[in-house]
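Report on the structure given below.
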Amino acid sequence: MTTPTKILVAQGGGPTAVINQSLAGVVLEARKFPQVAKVYGAHHGVRGIVNEELLDLTQETSHNLEMVARTPSSALGSTRDKPDAKYCHEIFEVLRAHEIGAFFYVGGNDSSDTVRIVAEEAEKANYPLRCLHIPKTIDNDLVHNDHTPGFPSAARFVAQAFAGANLDNAALPGVYVAVVMGRHAGFLTAASALGKKFPDDGPHLIYVPERTFDVDQFLKDVKSTYDRLGRCVVAVSEGIHDASGAPIITKLASQVEHDAHGNVQLSGTGALADLLCEEVKNKLGIKRVRGDTFGYLQRSFIGCVSDVDQREAREVGEKAVQYAFWGETNGSVTIKRTGFYSVDYELAPLRAVAGKTRVMDDAFLNEAGNDVTDAFRLYLRPLLGSGMPDAFRLRPNAVPKVLNKG
């Protein structure tokens, strides 16, 4: 691509702590190319494109872009729209009307599929448009990626949150159940294991969608742990399901809510955590039982960001621009791990990534389906970045009893 052109960048799906690093990567890298005439941003993703709500990011100062890059959530605004062929045709018509030569969309599975369809619309119209998908999702469920920007920072939050919950639970023993995002993939819930330091630290039990969840077995696991330690910390993915594939929340709740796309509302209401806690209280007779739902907290928690995640989120944005202007094909930027810990970036075909879901490897989960393995800990630890907080204990130097010797 050598002739002067305008480019457009948009952000889609759930925000993350580092999605603006990718935005800044696109804008700042594009400014280095003399053939880029203008850099536009779409307000609220693809919805902003069809409504022609575009911002001229060419006028942004580099300093402010750097400040925005270090700010969590989507600076351009996002959308949950899932464009069909008709919607994508409207997107393309706006791009053509504004003489856009390259389209960059930062997002997850659905966003990559949108980029694919828009690219096909441009090809049918014989319009020169380079389309690049930039990976982003806290669920870590994009195929052809070792991991996905946004996940490491959310995982860092989950690990730290469970480390804190474990300390609380050790001080005032009982059963604690926390529900973590993850409809089909359990990576984020599994990250709770990285908050453990001592052998008896929680989470003691971890349940993810990759394994069938049985309520009776769950109760047996909790009872066994409680009998052994006098307490139990549990991490649960929102997407846990029974052997038939039915979400557990539909089995325990008298009625369930649905989102705008007709999917069962798995978290956000706190229902699953409350229902599991009621099962523990009623069937195990344990009085001190508490439940939490992390919900939006894990997506854009300010001050809890992996420096590794920041760097890689910036680089996938930069690489997308390089592929657009130095390459000859559309595609999705992917992260490949090399060595003990370093990464390379490759361009995968849009069809190879679009609309597909990655789940946890079998090697990452124990045989019982209620914990992770050392293989997962080794996979995740480098992603959490530097400066992870640590917890310490008093040594048990007990003073001999005088009155209660028996």
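In the structure tokens, chains take the letters A, B, ... in the order shown, each chain's residues start at 1, and ligands count up from 1 in the order shown.
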Would you list the contacts of segment 105-120 of chain A as a ChimeraX atom specification, taking every protein, DNA or RNA residue within 7 Å and counting only C-alpha atoms, but skipping same-chain residues closer than 5 positions in sequence?
/A:9-13,82-83,85,88-89,92,131-137,142,350-351,353-356
Written selection (N, CA, C and O atoms) as a short mmCIF file (atom, residue, chain, number, x, y, z; two decimals), in the first residue's frame:
data_model
loop_
_atom_site.label_atom_id
_atom_site.label_comp_id
_atom_site.auth_asym_id
_atom_site.auth_seq_id
_atom_site.Cartn_x
_atom_site.Cartn_y
_atom_site.Cartn_z
N VAL A 9 -9.72 2.74 13.06
CA VAL A 9 -9.55 1.76 14.13
C VAL A 9 -10.79 1.80 15.03
O VAL A 9 -11.37 2.86 15.27
N ALA A 10 -11.20 0.63 15.50
CA ALA A 10 -12.36 0.53 16.39
C ALA A 10 -12.09 -0.52 17.45
O ALA A 10 -11.21 -1.39 17.29
N GLN A 11 -12.83 -0.44 18.56
CA GLN A 11 -12.71 -1.39 19.66
C GLN A 11 -14.06 -2.06 19.89
O GLN A 11 -15.09 -1.38 19.90
N GLY A 12 -14.06 -3.39 20.07
CA GLY A 12 -15.32 -4.11 20.24
C GLY A 12 -15.30 -5.05 21.43
O GLY A 12 -14.24 -5.43 21.94
N GLY A 13 -16.49 -5.43 21.88
CA GLY A 13 -16.61 -6.40 22.97
C GLY A 13 -16.26 -5.83 24.33
O GLY A 13 -16.18 -4.62 24.52
N LYS A 82 -23.33 -7.87 17.22
CA LYS A 82 -22.75 -8.98 16.45
C LYS A 82 -23.22 -8.84 15.01
O LYS A 82 -24.28 -9.35 14.64
N PRO A 83 -22.46 -8.13 14.18
CA PRO A 83 -22.90 -7.84 12.81
C PRO A 83 -23.12 -9.09 11.95
O PRO A 83 -22.29 -10.00 11.94
N ALA A 85 -24.29 -10.32 7.80
CA ALA A 85 -23.82 -9.91 6.47
C ALA A 85 -24.36 -8.53 6.09
O ALA A 85 -23.63 -7.70 5.52
N CYS A 88 -22.55 -5.84 8.08
CA CYS A 88 -21.18 -5.68 7.59
C CYS A 88 -21.15 -4.95 6.24
O CYS A 88 -20.20 -4.22 5.93
N HIS A 89 -22.20 -5.15 5.43
CA HIS A 89 -22.27 -4.41 4.18
C HIS A 89 -22.41 -2.91 4.47
O HIS A 89 -21.78 -2.08 3.78
N PHE A 92 -19.05 -1.60 5.44
CA PHE A 92 -18.21 -1.41 4.26
C PHE A 92 -18.59 -0.15 3.49
O PHE A 92 -17.71 0.60 3.04
N CYS A 131 -7.83 -5.30 5.81
CA CYS A 131 -8.60 -5.54 7.04
C CYS A 131 -7.78 -6.36 8.02
O CYS A 131 -7.39 -7.50 7.72
N LEU A 132 -7.53 -5.80 9.21
CA LEU A 132 -6.72 -6.47 10.21
C LEU A 132 -7.47 -6.60 11.53
O LEU A 132 -8.04 -5.61 12.04
N HIS A 133 -7.48 -7.81 12.06
CA HIS A 133 -8.05 -8.05 13.39
C HIS A 133 -6.91 -8.02 14.41
O HIS A 133 -5.88 -8.67 14.22
N ILE A 134 -7.12 -7.27 15.50
CA ILE A 134 -6.14 -7.17 16.58
C ILE A 134 -6.72 -7.89 17.80
O ILE A 134 -7.80 -7.54 18.27
N PRO A 135 -6.04 -8.92 18.32
CA PRO A 135 -6.63 -9.76 19.37
C PRO A 135 -6.82 -9.05 20.70
O PRO A 135 -5.99 -8.25 21.12
N LYS A 136 -7.93 -9.39 21.36
CA LYS A 136 -8.25 -8.85 22.68
C LYS A 136 -9.35 -9.71 23.31
O LYS A 136 -10.37 -9.95 22.70
N THR A 137 -9.13 -10.20 24.50
CA THR A 137 -10.19 -10.80 25.30
C THR A 137 -9.64 -11.28 26.63
O THR A 137 -8.56 -11.88 26.67
N LEU A 142 -9.10 -17.10 22.10
CA LEU A 142 -8.87 -16.98 20.66
C LEU A 142 -7.92 -18.08 20.18
O LEU A 142 -6.83 -18.25 20.75
N LEU A 350 -7.98 -14.78 8.45
CA LEU A 350 -9.16 -14.43 9.24
C LEU A 350 -10.08 -15.63 9.45
O LEU A 350 -10.64 -15.81 10.53
N ARG A 351 -10.23 -16.45 8.44
CA ARG A 351 -11.10 -17.62 8.56
C ARG A 351 -10.60 -18.62 9.60
O ARG A 351 -11.38 -19.39 10.16
N VAL A 353 -9.36 -17.88 12.47
CA VAL A 353 -9.59 -17.37 13.83
C VAL A 353 -11.05 -17.01 14.06
O VAL A 353 -11.60 -17.23 15.15
N ALA A 354 -11.70 -16.49 13.04
CA ALA A 354 -13.04 -15.92 13.18
C ALA A 354 -14.07 -16.90 13.74
O ALA A 354 -14.23 -18.01 13.22
N GLY A 355 -14.73 -16.47 14.81
CA GLY A 355 -15.86 -17.21 15.34
C GLY A 355 -15.51 -18.51 16.04
O GLY A 355 -16.42 -19.26 16.42
N LYS A 356 -14.24 -18.80 16.23
CA LYS A 356 -13.84 -20.06 16.87
C LYS A 356 -13.48 -19.81 18.34
O LYS A 356 -13.11 -18.70 18.71
#
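Those residues in segment 60-149 of chain A carrying a DSSP assignment of strand (DSSP E or B), computed from the backbone, are Ile100, Gly101, Ala102, Phe103, Phe104, Tyr105, Val106, Gly107, Arg130, Cys131, Leu132, His133, Ile134, Pro135 and Thr137 of chain A.
Residues with any atom within 12 Å of Asp214 of chain A, counting only C-alpha atoms and excluding same-chain neighbours fewer than 3 positions away, are Tyr207, Val208, Pro209, Arg211, Gln217, Phe218, Leu219, Lys220, Asp221, Ile240, His241, Asp242, Ala243, Ser244, Gly245, Ala246, Pro247, Ile248, Lys251, Leu252, Leu276, Ala368, Gly369 and Asn370 of chain A.
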Residues at most 8 Å from Ile100 of chain A, counting only C-alpha atoms, excluding those fewer than 6 positions away in the same chain, as a PyMOL selection string?
chain A and resi 5-8+129
May I have the residues from that selection written out with C-alpha atoms, as a compact mmCIF listing (two decimals), in the first residue's frame?
# COMPACT_ATOMS: atom_id res chain seq x y z
CA THR A 5 -4.90 6.67 2.45
CA LYS A 6 -7.04 7.02 5.58
CA ILE A 7 -7.23 4.31 8.20
CA LEU A 8 -9.92 3.50 10.77
CA LEU A 129 -9.27 -2.31 1.67
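Coordinates place atom CA of Val236 of chain A at a distance of 4.8 Å from atom CA of Val179 of chain A.
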